[in-house]
>>> print(open('work-v1.txt').read())   # compact mmCIF, C-alpha atoms
# COMPACT_ATOMS: atom_id res chain seq x y z
CA MET A 1 10.82 -20.84 -1.35
CA LYS A 2 10.27 -23.75 1.01
CA ILE A 3 7.61 -23.89 3.70
CA LYS A 4 8.26 -22.76 7.28
CA PRO A 5 6.72 -24.39 10.39
CA GLU A 6 4.44 -21.41 11.02
CA CYS A 7 2.95 -21.71 7.50
CA ALA A 8 0.72 -24.39 9.03
CA LEU A 9 -1.27 -21.67 10.80
CA CYS A 10 -2.02 -19.79 7.58
CA ILE A 11 -2.97 -22.79 5.48
CA THR A 12 -5.18 -24.19 8.25
CA ARG A 13 -6.97 -20.86 8.60
CA GLN A 14 -7.64 -20.90 4.84
CA VAL A 15 -9.49 -24.19 5.29
CA VAL A 16 -11.66 -22.66 8.03
CA ASP A 17 -12.34 -19.60 5.84
CA VAL A 18 -13.40 -21.79 2.92
CA ALA A 19 -15.73 -23.80 5.13
CA LYS A 20 -17.36 -20.66 6.54
CA GLU A 21 -17.69 -19.15 3.08
CA LEU A 22 -19.39 -22.24 1.65
CA THR A 23 -21.97 -22.93 4.34
CA ASP A 24 -23.50 -21.70 7.61
CA ASP A 25 -24.18 -25.28 8.65
CA LYS A 26 -21.75 -26.07 11.49
CA SER A 27 -21.82 -29.80 10.79
CA GLU A 28 -20.88 -29.21 7.15
CA GLN A 29 -18.14 -26.81 8.23
CA PHE A 30 -16.63 -29.48 10.48
CA LYS A 31 -16.76 -31.95 7.58
CA ILE A 32 -15.02 -29.56 5.16
CA ILE A 33 -12.37 -28.66 7.75
CA ALA A 34 -11.72 -32.34 8.44
CA TRP A 35 -11.18 -32.93 4.71
CA GLY A 36 -8.74 -30.03 4.62
CA LEU A 37 -6.79 -31.05 7.70
CA LYS A 38 -6.41 -34.59 6.38
CA LYS A 39 -5.02 -33.26 3.11
CA ILE A 40 -2.64 -30.92 4.94
CA SER A 41 -1.31 -33.80 7.03
CA GLU A 42 -0.52 -35.70 3.82
CA MET A 43 1.43 -32.82 2.25
CA TYR A 44 3.02 -30.91 5.12
CA SER A 45 6.81 -31.31 5.19
CA GLU A 46 9.87 -29.08 5.23
CA SER A 47 10.46 -29.74 1.52
CA SER A 48 7.03 -28.37 0.50
CA VAL A 49 6.57 -25.11 -1.41
CA PRO A 50 3.74 -23.07 0.20
CA SER A 51 2.03 -22.07 -3.05
CA PHE A 52 2.22 -25.60 -4.51
CA MET A 53 0.91 -27.10 -1.27
CA GLY A 54 -1.89 -24.52 -1.22
CA THR A 55 -2.79 -25.44 -4.80
CA GLU A 56 -3.24 -29.11 -3.95
CA LEU A 57 -5.24 -28.27 -0.84
CA HIS A 58 -7.66 -25.95 -2.61
CA ARG A 59 -8.04 -28.34 -5.54
CA HIS A 60 -8.93 -31.03 -3.02
CA LEU A 61 -11.52 -28.78 -1.33
CA LYS A 62 -13.06 -27.77 -4.66
CA LEU A 63 -13.44 -31.44 -5.57
CA LYS A 64 -14.80 -32.55 -2.19
CA THR A 65 -17.31 -29.68 -1.96
CA GLN A 66 -18.18 -29.79 -5.68
CA ASN A 67 -17.73 -26.02 -5.78
CA SER A 68 -15.35 -24.82 -8.49
CA ASP A 69 -15.06 -21.27 -7.14
CA PRO A 70 -15.56 -21.07 -3.33
CA TYR A 71 -14.23 -17.51 -3.18
CA LYS A 72 -16.51 -16.15 -5.92
CA ASN A 73 -18.48 -13.79 -3.65
CA LEU A 74 -15.35 -12.47 -1.94
CA LYS A 75 -13.67 -11.85 -5.30
CA ASP A 76 -16.68 -9.87 -6.51
CA VAL A 77 -16.61 -7.75 -3.34
CA ALA A 78 -12.87 -7.14 -3.74
CA ASN A 79 -13.30 -6.06 -7.38
CA GLU A 80 -16.15 -3.72 -6.48
CA PHE A 81 -14.16 -2.15 -3.65
CA ALA A 82 -11.06 -1.68 -5.79
CA LEU A 83 -12.96 -0.08 -8.67
CA LYS A 84 -14.54 2.47 -6.34
CA TYR A 85 -11.28 3.21 -4.55
CA LEU A 86 -9.27 3.58 -7.76
CA ASN A 87 -11.37 6.56 -8.79
CA ASP A 88 -10.43 8.30 -5.53
CA VAL A 89 -6.67 7.85 -5.87
CA GLU A 90 -5.85 8.01 -9.58
CA HIS A 91 -5.20 11.76 -9.44
CA LEU A 92 -2.46 11.11 -6.87
CA LEU A 93 -0.44 8.99 -9.29
CA GLU A 94 0.66 11.62 -11.78
CA SER A 95 4.10 13.26 -11.80
CA ASP A 96 6.34 14.95 -14.36
CA ASP A 97 9.22 12.86 -13.01
CA GLU A 98 9.05 9.45 -14.69
CA LEU A 99 10.77 7.60 -11.83
CA GLU A 100 8.47 9.12 -9.21
CA ARG A 101 5.45 8.30 -11.39
CA LEU A 102 6.60 4.70 -11.74
CA GLN A 103 7.18 4.42 -7.98
CA LYS A 104 3.69 5.73 -7.22
CA LYS A 105 2.07 3.21 -9.53
CA VAL A 106 4.15 0.37 -8.10
CA LYS A 107 2.98 1.40 -4.62
CA LEU A 108 -0.63 1.39 -5.79
CA ALA A 109 -0.12 -2.11 -7.17
CA ILE A 110 1.30 -3.12 -3.78
CA ALA A 111 -1.67 -1.47 -2.07
CA GLY A 112 -3.86 -3.73 -4.17
CA ASN A 113 -1.85 -6.70 -2.96
CA VAL A 114 -3.33 -6.28 0.53
CA ILE A 115 -6.65 -7.42 -0.95
CA ASP A 116 -5.69 -11.02 -0.36
CA PHE A 117 -7.88 -13.42 1.56
CA GLY A 118 -5.08 -16.01 1.66
CA PRO A 119 -2.68 -14.70 4.30
CA PHE A 120 -5.27 -12.37 5.81
CA SER A 121 -8.56 -13.40 7.30
CA THR A 122 -11.69 -12.38 5.45
CA ASP A 123 -12.79 -9.81 8.05
CA VAL A 124 -9.77 -7.44 8.07
CA ASN A 125 -10.09 -3.68 7.43
CA ILE A 126 -8.80 -3.69 3.86
CA GLU A 127 -9.50 -0.01 3.19
CA ASN A 128 -7.26 1.03 6.08
CA MET A 129 -4.48 -1.28 4.85
CA VAL A 130 -4.69 0.21 1.33
CA LYS A 131 -4.42 3.77 2.67
CA THR A 132 -1.43 2.85 4.84
CA THR A 133 0.40 1.35 1.87
CA LEU A 134 -0.21 4.35 -0.37
CA ASP A 135 1.05 6.69 2.35
CA GLY A 136 4.14 4.56 2.94
CA LYS A 137 7.33 3.95 0.98
CA LEU A 138 9.05 1.21 -0.96
CA ASP A 139 11.05 -0.48 1.78
CA LEU A 140 12.96 -2.51 -0.80
CA ASP A 141 13.27 -0.38 -3.91
CA PHE A 142 14.61 -1.52 -7.30
CA SER A 143 12.58 1.10 -9.19
CA GLU A 144 15.62 2.73 -10.83
CA GLU A 145 16.69 -0.66 -12.16
CA LEU A 146 13.15 -1.30 -13.38
CA LEU A 147 12.99 2.04 -15.19
CA ASN A 148 16.35 1.48 -16.86
CA GLU A 149 15.34 -2.03 -17.89
CA LEU A 150 12.08 -0.72 -19.35
CA LYS A 151 14.01 1.75 -21.48
CA ASN A 152 16.14 -1.06 -22.90
CA SER A 153 13.44 -3.69 -23.45
CA LYS A 154 10.71 -4.47 -25.95
CA LYS A 155 8.37 -6.82 -24.10
CA VAL A 156 7.36 -7.47 -20.49
CA PHE A 157 5.43 -10.42 -19.07
CA TYR A 158 3.15 -9.30 -16.20
CA THR A 159 1.71 -12.10 -14.10
CA CYS A 160 -1.18 -11.06 -11.86
CA ASP A 161 -2.19 -12.24 -8.43
CA ASN A 162 -5.63 -11.72 -6.88
CA ALA A 163 -9.04 -10.45 -7.85
CA GLY A 164 -9.52 -6.92 -6.58
CA GLU A 165 -5.84 -6.09 -6.69
CA ILE A 166 -5.74 -6.43 -10.48
CA VAL A 167 -7.81 -3.23 -10.62
CA PHE A 168 -4.85 -1.51 -8.95
CA ASP A 169 -2.48 -3.14 -11.45
CA LEU A 170 -4.11 -1.25 -14.31
CA PRO A 171 -2.35 2.15 -13.85
CA LEU A 172 1.03 0.40 -13.64
CA ILE A 173 0.30 -1.69 -16.73
CA LYS A 174 -0.63 1.49 -18.61
CA GLU A 175 2.63 3.10 -17.44
CA LEU A 176 4.67 0.10 -18.62
CA LYS A 177 3.04 0.36 -22.04
CA ASN A 178 4.65 3.79 -22.46
CA TYR A 179 7.91 1.88 -22.88
CA VAL A 180 7.22 -1.72 -23.94
CA GLU A 181 4.73 -4.28 -25.15
CA VAL A 182 2.98 -5.85 -22.14
CA VAL A 183 1.46 -9.33 -21.96
CA VAL A 184 -0.68 -9.96 -18.86
CA SER A 185 -1.35 -13.42 -17.43
CA VAL A 186 -4.04 -14.66 -15.04
CA LYS A 187 -5.19 -18.10 -13.90
CA GLY A 188 -6.82 -20.51 -16.32
CA SER A 189 -9.52 -21.41 -13.78
CA PRO A 190 -10.47 -20.36 -10.23
CA ILE A 191 -8.21 -21.14 -7.27
CA LEU A 192 -8.36 -19.37 -3.92
CA ASN A 193 -9.09 -15.67 -4.74
CA ASP A 194 -6.69 -15.49 -7.69
CA ALA A 195 -7.68 -13.45 -10.73
CA THR A 196 -9.17 -15.10 -13.82
CA LEU A 197 -10.29 -13.73 -17.19
CA GLU A 198 -13.63 -12.70 -15.66
CA ASP A 199 -11.79 -10.45 -13.20
CA VAL A 200 -9.59 -9.04 -15.98
CA GLU A 201 -12.71 -7.98 -17.86
CA THR A 202 -14.12 -6.36 -14.72
CA ALA A 203 -10.89 -4.41 -14.25
CA GLY A 204 -10.73 -3.41 -17.92
CA ILE A 205 -7.20 -4.71 -18.46
CA ASP A 206 -8.24 -6.61 -21.59
CA LYS A 207 -9.06 -3.26 -23.19
CA VAL A 208 -5.51 -1.93 -22.88
CA THR A 209 -3.22 -4.90 -23.52
CA LYS A 210 -2.99 -8.58 -24.47
CA VAL A 211 -4.19 -11.00 -21.78
CA ILE A 212 -3.59 -14.76 -21.63
CA THR A 213 -4.06 -17.42 -18.97
CA SER A 214 -1.58 -19.80 -17.39
CA GLY A 215 -3.74 -22.67 -18.62
CA THR A 216 -3.95 -24.01 -15.07
CA ASP A 217 -5.22 -23.17 -11.59
CA THR A 218 -1.85 -23.30 -9.83
CA ILE A 219 -1.34 -20.76 -7.04
CA GLY A 220 1.70 -18.82 -8.23
CA ILE A 221 3.41 -20.26 -11.30
CA ARG A 222 4.37 -23.83 -11.99
CA PHE A 223 6.08 -24.21 -15.35
CA GLU A 224 5.43 -27.94 -15.41
CA GLU A 225 1.66 -27.29 -15.57
CA SER A 226 1.61 -24.10 -17.65
CA SER A 227 0.25 -23.93 -21.19
CA GLU A 228 2.46 -23.67 -24.28
CA GLU A 229 1.13 -20.16 -24.93
CA PHE A 230 2.05 -19.08 -21.42
CA LEU A 231 5.59 -20.46 -21.68
CA SER A 232 6.07 -19.01 -25.15
CA GLU A 233 5.01 -15.51 -24.08
CA LEU A 234 7.15 -15.65 -20.95
CA ASN A 235 10.25 -16.93 -22.73
CA SER A 236 9.97 -14.30 -25.48
CA SER A 237 9.82 -11.46 -22.93
CA ASP A 238 12.78 -9.40 -21.77
CA PHE A 239 11.73 -9.65 -18.14
CA ILE A 240 8.88 -10.62 -15.84
CA ILE A 241 6.86 -8.60 -13.35
CA ALA A 242 5.37 -10.96 -10.76
CA LYS A 243 2.71 -9.77 -8.34
CA GLY A 244 2.16 -11.17 -4.88
CA MET A 245 3.57 -13.74 -2.48
CA GLY A 246 2.29 -16.80 -4.35
CA ASN A 247 4.28 -15.85 -7.43
CA TYR A 248 7.33 -15.13 -5.26
CA GLU A 249 7.05 -18.46 -3.41
CA SER A 250 6.81 -20.40 -6.66
CA LEU A 251 9.14 -18.55 -9.04
CA THR A 252 12.03 -18.51 -6.57
CA GLU A 253 12.02 -22.30 -6.93
CA TYR A 254 13.36 -21.76 -10.47
CA GLU A 255 16.38 -19.64 -9.51
CA GLU A 256 18.85 -22.48 -9.87
CA LYS A 257 20.25 -22.44 -13.39
CA ARG A 258 19.13 -25.41 -15.43
CA GLU A 259 21.26 -27.11 -18.04
CA ASN A 260 21.22 -25.20 -21.35
CA SER A 261 18.85 -22.57 -19.93
CA GLU A 262 19.31 -18.81 -19.84
CA LYS A 263 18.28 -16.43 -17.10
CA ILE A 264 15.41 -13.95 -17.19
CA PRO A 265 15.04 -11.05 -14.73
CA VAL A 266 12.00 -11.01 -12.44
CA TYR A 267 10.71 -7.94 -10.60
CA TYR A 268 8.64 -9.03 -7.61
CA ILE A 269 5.99 -6.56 -6.45
CA LEU A 270 4.42 -7.48 -3.13
CA LYS A 271 3.71 -6.66 0.46
CA ALA A 272 5.53 -9.05 2.81
CA LYS A 273 2.40 -10.14 4.62
CA CYS A 274 3.91 -12.91 6.73
CA GLU A 275 7.16 -13.55 8.57
CA PRO A 276 8.31 -16.53 6.42
CA VAL A 277 8.13 -14.51 3.18
CA ALA A 278 9.62 -11.42 4.82
CA GLU A 279 12.53 -13.48 6.13
CA HIS A 280 13.13 -15.07 2.72
CA VAL A 281 13.08 -11.68 0.97
CA GLY A 282 15.23 -10.09 3.68
CA VAL A 283 12.77 -7.45 4.88
CA CYS A 284 10.41 -6.91 7.82
CA GLU A 285 6.87 -8.22 7.92
CA GLY A 286 4.55 -5.61 6.39
CA ASP A 287 7.24 -4.04 4.18
CA ASN A 288 6.51 -2.91 0.62
CA VAL A 289 8.76 -4.75 -1.81
CA LEU A 290 9.99 -4.10 -5.34
CA LEU A 291 12.75 -6.68 -5.74
CA ARG A 292 14.80 -7.72 -8.77
CA LYS A 293 16.03 -11.30 -9.03
CA GLU A 294 16.61 -13.81 -11.83
CA ILE A 295 15.25 -17.24 -12.65
CA SER A 296 16.02 -19.81 -15.33
CA LYS A 297 13.87 -19.80 -18.44
CA VAL A 298 12.00 -23.01 -19.17
>>> encode(input="work-v1.txt", output="structure tokens")
Amino acid sequence: MKIKPECALCITRQVVDVAKELTDDKSEQFKIIAWGLKKISEMYSESSVPSFMGTELHRHLKLKTQNSDPYKNLKDVANEFALKYLNDVEHLLESDDELERLQKKVKLAIAGNVIDFGPFSTDVNIENMVKTTLDGKLDLDFSEELLNELKNSKKVFYTCDNAGEIVFDLPLIKELKNYVEVVVSVKGSPILNDATLEDVETAGIDKVTKVITSGTDTIGIRFEESSEEFLSELNSSDFIIAKGMGNYESLTEYEEKRENSEKIPVYYILKAKCEPVAEHVGVCEGDNVLLRKEISKV
């Protein structure tokens, strides 16, 4: 997915958020924002991919501020919130109907996707957004296809998105394991508020299934930077489940069939939190999405 003109607003706001998170000193904030705006001006073009551009920007800010994890405090808060909230909603996820049960757990995973300090500012009412998602529906629903594919597969590659939301991924991952082997992937090192191994341990995912890292700090997935282990696990899976807009923005860049490559199905689970992504998916902003597409294997 290529960048849209209005993506400039989101990526600029991220720079302001990082500056405010790192320091209360206004002069330092201006300095950090100036660094970010200069970097944006170097990268911003209609051929850019939002997640790849965001990666370079946040790498630049980490280097300039000498802070390897600017969103550390926010990630911890998101994890704490999600763990408390999960206890309140888990009883709502059960059903004797396997399709309904799968749909409920996909919706919970989408509800977790609202815990994202990238497209949303850091002062939004996240609890209200989670409740609204759980009470809503799948506006784009490929759950029957997902269930059928699960019944005819052996292994699924599940790539996570943000800290906090990975807590809400856990019930879905457990449900998937009723059918297939599941390999979960997170970032190799901190970038934005994306989940790392530390967050996986907090969520308890490492206790229920195999977890690896991408070997890099790319927002979304960039095969050219991913580790051999990551590529091997992905290529040996029957299909991918990709959480969040960053994974959608990046993986859709690999839809064009490469020479001598085969296709692998991808189920995107996300909330369309901005107009550019919603337009690309073909839904309305704010819709809950479970979409099946295909990309070329590496």
>>> closest_residue(input="work-v1.txt", among="A:Leu270, A:Val298, A:Leu93, A:Ala8", to="Val114 of chain A", atoms="only C-alpha atoms")
A:Leu270
>>> closest_residue(input="work-v1.txt", among="A:Glu181, A:Asp76, A:Asp194, A:Glu262", to="Thr55 of chain A", atoms="only C-alpha atoms")
A:Asp194
>>> closest_residue(input="work-v1.txt", among="A:Leu192, A:Cys284, A:Leu99, A:Val208", to="Asn67 of chain A", atoms="all atoms listed in the file")
A:Leu192
>>> closest_residue(input="work-v1.txt", among="A:His58, A:Lys293, A:Lys187, A:Lys26", to="Glu256 of chain A", atoms="only C-alpha atoms")
A:Lys293
>>> closest_atom_pairs(input="work-v1.txt", of="segment 193-296 of chain A", to="segment 136-141 of chain A", cutoff="7 Å", atoms="only C-alpha atoms", output="JSON lines")
{"residue": "A:Asp287", "atom": "CA", "partner": "A:Asp139", "partner_atom": "CA", "distance": 5.7}
{"residue": "A:Asn288", "atom": "CA", "partner": "A:Leu138", "partner_atom": "CA", "distance": 5.1}
{"residue": "A:Val289", "atom": "CA", "partner": "A:Leu140", "partner_atom": "CA", "distance": 4.9}
{"residue": "A:Leu290", "atom": "CA", "partner": "A:Asp141", "partner_atom": "CA", "distance": 5.2}
{"residue": "A:Leu291", "atom": "CA", "partner": "A:Leu140", "partner_atom": "CA", "distance": 6.5}
>>> atom_distance(input="work-v1.txt", atom1="atom CA of Thr133 of chain A", atom2="atom CA of Ala111 of chain A")
5.3 Å
>>> closest_residue(input="work-v1.txt", among="A:Leu150, A:Ile219, A:Leu86, A:Ala272", to="Glu127 of chain A", atoms="all atoms listed in the file")
A:Leu86
>>> closest_residue(input="work-v1.txt", among="A:Ser250, A:Gln14, A:Ile32, A:Leu147", to="Glu100 of chain A", atoms="only C-alpha atoms")
A:Leu147
>>> residues_around(input="work-v1.txt", residues="Ser227 of chain A", least_positions_apart="5", cutoff="10 Å", atoms="only C-alpha atoms", output="NGL selection string")
:A and (188 or 212-216 or 232)
>>> atom_distance(input="work-v1.txt", atom1="atom CA of Leu61 of chain A", atom2="atom CA of Ala203 of chain A")
27.6 Å
>>> residues_around(input="work-v1.txt", residues="Ala163 of chain A", least_positions_apart="5", cutoff="10 Å", atoms="all atoms listed in the file", output="PDB file with C-alpha atoms, keeping the file's coordinate frame")
ATOM      1  CA  TYR A  71     -14.230 -17.510  -3.180  1.00  0.00           C
ATOM      2  CA  LYS A  72     -16.510 -16.150  -5.920  1.00  0.00           C
ATOM      3  CA  LEU A  74     -15.350 -12.470  -1.940  1.00  0.00           C
ATOM      4  CA  LYS A  75     -13.670 -11.850  -5.300  1.00  0.00           C
ATOM      5  CA  ASP A  76     -16.680  -9.870  -6.510  1.00  0.00           C
ATOM      6  CA  VAL A  77     -16.610  -7.750  -3.340  1.00  0.00           C
ATOM      7  CA  ALA A  78     -12.870  -7.140  -3.740  1.00  0.00           C
ATOM      8  CA  ASN A  79     -13.300  -6.060  -7.380  1.00  0.00           C
ATOM      9  CA  GLU A  80     -16.150  -3.720  -6.480  1.00  0.00           C
ATOM     10  CA  ALA A  82     -11.060  -1.680  -5.790  1.00  0.00           C
ATOM     11  CA  GLY A 112      -3.860  -3.730  -4.170  1.00  0.00           C
ATOM     12  CA  ASN A 113      -1.850  -6.700  -2.960  1.00  0.00           C
ATOM     13  CA  ILE A 115      -6.650  -7.420  -0.950  1.00  0.00           C
ATOM     14  CA  ASP A 116      -5.690 -11.020  -0.360  1.00  0.00           C
ATOM     15  CA  PHE A 117      -7.880 -13.420   1.560  1.00  0.00           C
ATOM     16  CA  PHE A 168      -4.850  -1.510  -8.950  1.00  0.00           C
ATOM     17  CA  VAL A 186      -4.040 -14.660 -15.040  1.00  0.00           C
ATOM     18  CA  LEU A 192      -8.360 -19.370  -3.920  1.00  0.00           C
ATOM     19  CA  ASN A 193      -9.090 -15.670  -4.740  1.00  0.00           C
ATOM     20  CA  ASP A 194      -6.690 -15.490  -7.690  1.00  0.00           C
ATOM     21  CA  ALA A 195      -7.680 -13.450 -10.730  1.00  0.00           C
ATOM     22  CA  THR A 196      -9.170 -15.100 -13.820  1.00  0.00           C
ATOM     23  CA  LEU A 197     -10.290 -13.730 -17.190  1.00  0.00           C
ATOM     24  CA  GLU A 198     -13.630 -12.700 -15.660  1.00  0.00           C
ATOM     25  CA  ASP A 199     -11.790 -10.450 -13.200  1.00  0.00           C
ATOM     26  CA  VAL A 200      -9.590  -9.040 -15.980  1.00  0.00           C
ATOM     27  CA  THR A 202     -14.120  -6.360 -14.720  1.00  0.00           C
ATOM     28  CA  ALA A 203     -10.890  -4.410 -14.250  1.00  0.00           C
TER      29      ALA A 203
END
>>> residues_near_point(input="work-v1.txt", point="(-11.1, -33.0, 6.1)", cutoff="10 Å", atoms="only C-alpha atoms", output="PyMOL selection string")
chain A and resi 15+29-41+60-61+64
>>> write_last_selection(input="work-v1.txt", atoms="C-alpha atoms", output="mmCIF file, in the coordinates of the input")
data_model
loop_
_atom_site.group_PDB
_atom_site.id
_atom_site.type_symbol
_atom_site.label_atom_id
_atom_site.label_comp_id
_atom_site.auth_asym_id
_atom_site.auth_seq_id
_atom_site.Cartn_x
_atom_site.Cartn_y
_atom_site.Cartn_z
ATOM 1 C CA VAL A 15 -9.490 -24.190 5.290
ATOM 2 C CA GLN A 29 -18.140 -26.810 8.230
ATOM 3 C CA PHE A 30 -16.630 -29.480 10.480
ATOM 4 C CA LYS A 31 -16.760 -31.950 7.580
ATOM 5 C CA ILE A 32 -15.020 -29.560 5.160
ATOM 6 C CA ILE A 33 -12.370 -28.660 7.750
ATOM 7 C CA ALA A 34 -11.720 -32.340 8.440
ATOM 8 C CA TRP A 35 -11.180 -32.930 4.710
ATOM 9 C CA GLY A 36 -8.740 -30.030 4.620
ATOM 10 C CA LEU A 37 -6.790 -31.050 7.700
ATOM 11 C CA LYS A 38 -6.410 -34.590 6.380
ATOM 12 C CA LYS A 39 -5.020 -33.260 3.110
ATOM 13 C CA ILE A 40 -2.640 -30.920 4.940
ATOM 14 C CA SER A 41 -1.310 -33.800 7.030
ATOM 15 C CA HIS A 60 -8.930 -31.030 -3.020
ATOM 16 C CA LEU A 61 -11.520 -28.780 -1.330
ATOM 17 C CA LYS A 64 -14.800 -32.550 -2.190
#
>>> atom_distance(input="work-v1.txt", atom1="atom CA of Tyr44 of chain A", atom2="atom CA of Lys4 of chain A")
9.9 Å
>>> residues_near_point(input="work-v1.txt", point="(2.4, -14.2, -6.0)", cutoff="8 Å", atoms="all atoms listed in the file", output="ChimeraX atom specification")
/A:160-161,219-220,242-250,270
>>> axis_aligned_box(input="work-v1.txt", around="segment 41-60 of chain A", padding_each_side="3 Å", output="AutoDock Vina command-line options")
--center_x 0.8 --center_y -28.9 --center_z 0.7 --size_x 25.4 --size_y 19.6 --size_z 18.6
>>> residues_around(input="work-v1.txt", residues="Lys177 of chain A", least_positions_apart="2", cutoff="10 Å", atoms="all atoms listed in the file", output="VMD selection string")
chain A and resid 150 154 to 156 171 to 175 179 to 183 208 to 209
>>> write_last_selection(input="work-v1.txt", atoms="C-alpha atoms", output="short mmCIF file (atom, residue, chain, number, x, y, z; two decimals), in the coordinates of the input")
data_model
loop_
_atom_site.label_atom_id
_atom_site.label_comp_id
_atom_site.auth_asym_id
_atom_site.auth_seq_id
_atom_site.Cartn_x
_atom_site.Cartn_y
_atom_site.Cartn_z
CA LEU A 150 12.08 -0.72 -19.35
CA LYS A 154 10.71 -4.47 -25.95
CA LYS A 155 8.37 -6.82 -24.10
CA VAL A 156 7.36 -7.47 -20.49
CA PRO A 171 -2.35 2.15 -13.85
CA LEU A 172 1.03 0.40 -13.64
CA ILE A 173 0.30 -1.69 -16.73
CA LYS A 174 -0.63 1.49 -18.61
CA GLU A 175 2.63 3.10 -17.44
CA TYR A 179 7.91 1.88 -22.88
CA VAL A 180 7.22 -1.72 -23.94
CA GLU A 181 4.73 -4.28 -25.15
CA VAL A 182 2.98 -5.85 -22.14
CA VAL A 183 1.46 -9.33 -21.96
CA VAL A 208 -5.51 -1.93 -22.88
CA THR A 209 -3.22 -4.90 -23.52
#
>>> residues_around(input="work-v1.txt", residues="Phe157 of chain A", least_positions_apart="4", cutoff="9 Å", atoms="all atoms listed in the file", output="number ranges by chain")
A: 181-185, 233-242
>>> residues_around(input="work-v1.txt", residues="Glu275 of chain A", least_positions_apart="6", cutoff="10 Å", atoms="only C-alpha atoms", output="MDAnalysis selection string")
chainID A and resid 4 6:7 281 283:286
